[in-house]
Structures are given as C-alpha cells and as structure tokens.
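Beneath this line is the structure, given in structure tokens, with notes to follow.
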Amino acid sequence: PTWRGVSMRETRLLAITVFSIICLLLIHIKFPSHPVARSPYSGSYLEDLCQGVNLDECKRILNWSQLLTPGGGNQRLRDAIAEYFQMHRRILDPLNTDVKKRYVVLEDNPNSGLGNKFEFLISAFVFALLSERALIIDWPQLNPIKHVDGLEVIATPAMDQLLSSPGIEWDISKAKDLPFMRCSNGSERANCRFCTRAHGQRCLYPKYLSGTELAFQCKDFSQMNDRIIWLNGFNWFLPNLALNPFYHDRMQEMFPDGDYYTPLLRFLIRPLPDLMKRIDNFTENFKNHPTIGMQIRAYGEDNVALIRQFFKAASEAIDIRGSNAKIFLATDTPDIREMAHREFPNSLLSMANPINRDTISGVIDGLVDVWILSRCNELLISQPSTYGKLAAGLHGDIPTTVDLTHAWKKAHNQPCFWQFRKHYCIDDIESHLLLQVTNC
C-alpha cells in the first residue's frame with residue numbers, strides 16, 4: 001500500500017529516523033559532550049588563556065614549546081597550567097561570585113638568594129594549582145640585611161624589578177582589594193583561622209605549615225575551606241607534594257619523567273624585557289664558539305683547591321671542544337675572576353659589572369649572569385650553590401658538579417630536596433625517582 005506515492009515501509013523508516021534524531025538531540029541536551037581538547041598551539045586556545053592581556057606578548061611569555069621534552073612537561077602539564085590560569089583569573093575577578101575565593105600568599109624570605117627564591121616560588125605555584133587557590137606573591141624591595149649565617153649581607157630587589165608576569169596577575173602590590181589585605185582585626189582574621197602571628201595588615205604562618213614539611217606530604221589542601229594560606233620559606237618543597245597520597249597520581253601524570261624543575265622554571269620565571277635584551281646582546285659573543293659555563297662560588301674554605309679543580313675541568317672541556325671554545329665565568333668573587341683571566345687569557349668571558357648579593361643592582365646583574373650561564377653548551381657548577389642549579393635547570397641538561405676534590409655528573413639536575421626528618425639531600429636518581437607515597 002502507498003500513501004500519496006510513498007509506501008508504508010518508507011513511511012515507517014522516515015518516522016523511525018525522525019524519532020531517532022529527536023532522541024539523540026534530547027540526550028545531547030541532557031548529557032552534553034565534553035569539547036575535544038584543543039592544541040595549546042591553536043589561536044583559540046591561546047586567546048582563552050591570554051584573556052585580558054596583549055595576545056602577542058602573552059604568546060611570547062607563555063612559550064609553550066619550552067614545556068616540551070627534553071626538559072620535562074607534557075600535554076597534561078600544559079592543560080593543568082591552562083586550567084589553573086583560568087581559575088586564577090576567576091578568583092581575582094571581583095564580579096565573579098561563582099568560584100571559591102581562596103588564596104596562597106607567598107611571602108618572600110629575605111634570607112634567601114635568587115636560586116632559593118625561585119625554587120620556593122615554583123613549589124608554591126604547584127601547591128596553589130593542586131589546592132585550587134590563586135597564588136599571590138608578596139615580594140617587595142628590601143634593603144640589605146645580615147644573613148642568618150652571619151657571613152653575608154643580602155639585598156632583595158622587588159619582584160617587578162626582576163620578572164615579567166607569566167600571564168597572570170600575582171603581585172600583591174596590585175591586589176589591594178583582596179580580602180587578605182584587610183586581615184587586621186579579630187573578626188576578619190577569623191578568615192585566616194590558622195594564623196599564629198600578625199605582621200602589619202597581614203596574617204602569617206599557618207600552624208599546619210610552620211616548622212614542618214609533613215603537612216605538605218599528608219593533607220588534602222583542596223578540601224580545606226580556609227581562604228588564605230601564607231607560605232614563607234626558601235626550600236624546594238615540591239617533592240613533598242609528589243609524595244602526598246592525595247596528589248601523587250596527578251603529579252606523575254604532569255611530570256612522567258620526574259623533572260619538575262626545568263619545565264616550570266622556564267615557564268614561570270621570565271626576566272624583564274630589558275634584562276632579556278642584555279642577555280641576548282652578551283650571548284652574541286657565543287656565536288661560532290662552543291662555550292663552557294663555569295660558575296664558581298667560594299664559601300671561605302680552601303678556595304685554591306676549589307679553583308684548581310674548576311680550572312682542570314675547564315681545560316679538559318676545552319680539549320674536547322676545540323681551541324676556539326670560550327669559557328663564560330660566573331662568580332661573585334673578584335679574586336677568582338682575576339685568577340681565571342690569567343689562566344685563560346684568550347678564551348675567558350665574563351660580565352663587566354661586579355656580581356654581588358649586597359646591593360640591589362648586584363642582585364639584578366646576578367639574574368642576567370645566571371641566564372647567560374644557562375645558554376652555554378655545557379656547565380661546570382659549584383656543589384652547594386642553588387645559583388648553579390638554577391642555570392642547570394634553565395639549561396635542561398645535567399651539569400658537571402665540582403667540589404674541592406673532584407668533578408662529576410650527578411644523575412639528575414633537580415634542586416636539593418631536604419627530606420622531612422632526615423636532614424639530608426636526596427641526590428641520587430634511584431632515591432629521587434623511587435620515592436614512595438608517604439604513609440600518613
């Protein structure tokens with residue numbers, strides 16, 4: 001049988017097709033599919049990430065290629081950073097009331113040098129990401145003070161004298177309307193209920209982080225309702241988070257090769273454009289010359305023996321790389337610079353400005369110095385110095401470490417992790433990569 005020229009069989013098929021389409025539409029409305037993840041290199045992805053800032057400048061700062069291996073990082077890490085950036089902006093948006101307004105506030109420790117400051121900042125960033133809080137940094141300029149070791153004087157430039165933002169607003173000086181800037185009386189300080197000490201208008205030192213790293217290894221901070229967590233220190237505590245049973249699996253997904261330092265250091269720590277120009281101009285000297293970076297930090301010990309080991313290692317590197325090789329020297333000791341110029345009169349390069357930690361300009365020059373050092377083909381660094389480890393992290397390869405008696409290559413280029421309650425640095429690859437989740 002037919003109806004207006006259409007068979008009943010065809011009519012049934014048409015009705016079934018229409019019914020199926022309606023069902024599929026209803027299912028899609030009730031259970032919308034998740035969008036396919038976009039490549040971080042696509043324009044729309046970057047436009048979302050760089051919302052509210054100059055897109056070209058944001059692309060330059062983000063520099064996604066630096067999160068690719070070698071040097072660590074993968075798609076999970078890039079996605080996690082992109083999601084964090086969006087969450088950070090929502091938290092800081094005063095018109096957005098649909099997100100929990102929670103913060104991690106890093107207070108700079110004046111007893112730390114640049115290497116320690118950056119290690120702590122990177123650790124704090126990952127802590128903020130995992131605990132679902134916006135990272136705010138309190139890093140003002142401080143006049144020179146006596147270091148706790150009694151041997152040095154340290155000056156501290158403000159963060160905005162050193163670094164560009166990585167694409168988010170995190171400087172406390174530009175966050176005057178945020179709640180932790182009004183934490184002065186008892187009722188308001190209840191927002192920071194773990195506060196054990198007050199300083200000016202701010203709350204400091206949550207009890208569960210004061211004097212111990214165990215909390216980093218055992219607590220699920222994303223489930224804590226406290227609006228503000230203040231951090232003050234200078235240790236590399238990021239491995240504590242990798243040991244935390246609440247974050248262990250996610251940390252392994254973001255850092256499958258165990259390299260936490262290089263991808264985050266390259267991504268987060270961005271010298272100001274005028275400092276980058278100085279770095280680029282100086283490294284023009286490296287063109288057509290294999291360059292050996294030599295960072296010598298003297299600690300008042302047997303400097304002659306230490307310098308002898310460095311000069312021996314540098315001479316061996318020149319023999320391997322050829323007579324046109326150059327040596328870039330990074331040191332804060334004028335006598336060592338003079339000795340090196342006498343030892344390598346035709347191949348030594350160094351910055352003209354004196355590098356020191358007791359003036360603001362000296363610390364800024366030190367930042368330029370370490371970035372130049374990181375661009376050398378290979379590195380010889382002092383054993384206990386975070387400055388040399390900073391250059392190695394930027395470089396991405398394992399440096400040659402030098403002490404009073406010999407030179408050797410360690411198994412990795414990660415900062416020293418002072419494991420909780422054991423007071424020693426985990427420095428071999430087996431311990432570093434096979435750390436187990438903490439039994440809390």
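Letters A, B, ... mark the chains of the structure tokens in the order given; residue numbers begin at 1 per chain; ligand numbers begin at 1, in order shown.
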| query | Leaving out Lys312 in chain A and any residue of its chain fewer than 3 positions from it, which residues lie within 12 Å of it when counting only C-alpha atoms, given as a count of residues only? | reply | 21
| message | If we count only C-alpha atoms and set the cut-off at 8 Å, which residues sit around range 410-414 of chain A, ignoring sequence neighbours fewer than 4 positions away in its own chain? Please answer as number ranges by chain. | response | A: 259-261, 389, 392-393, 396-401, 427-429
| request: Grab the CA of Ala128 in chain A to CA of Asp369 in chain A distance for me, in Å with one decimal place. | output: 29.6 Å
| field | Shell around Ser361 in chain A at 12 Å using only C-alpha atoms, local window under 2 positions removed, as an MDAnalysis selection string | value | chainID A and resid 141 143:144 154:158 161:162 275 353:359 363:368
| If you measure from CA of Tyr84 in chain A to CA of Pro110 in chain A, what distance in Å do you get, rounded to one decimal? |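 So the two atoms, CA of Tyr84 in chain A and CA of Pro110 in chain A, lie 28.0 Å apart.
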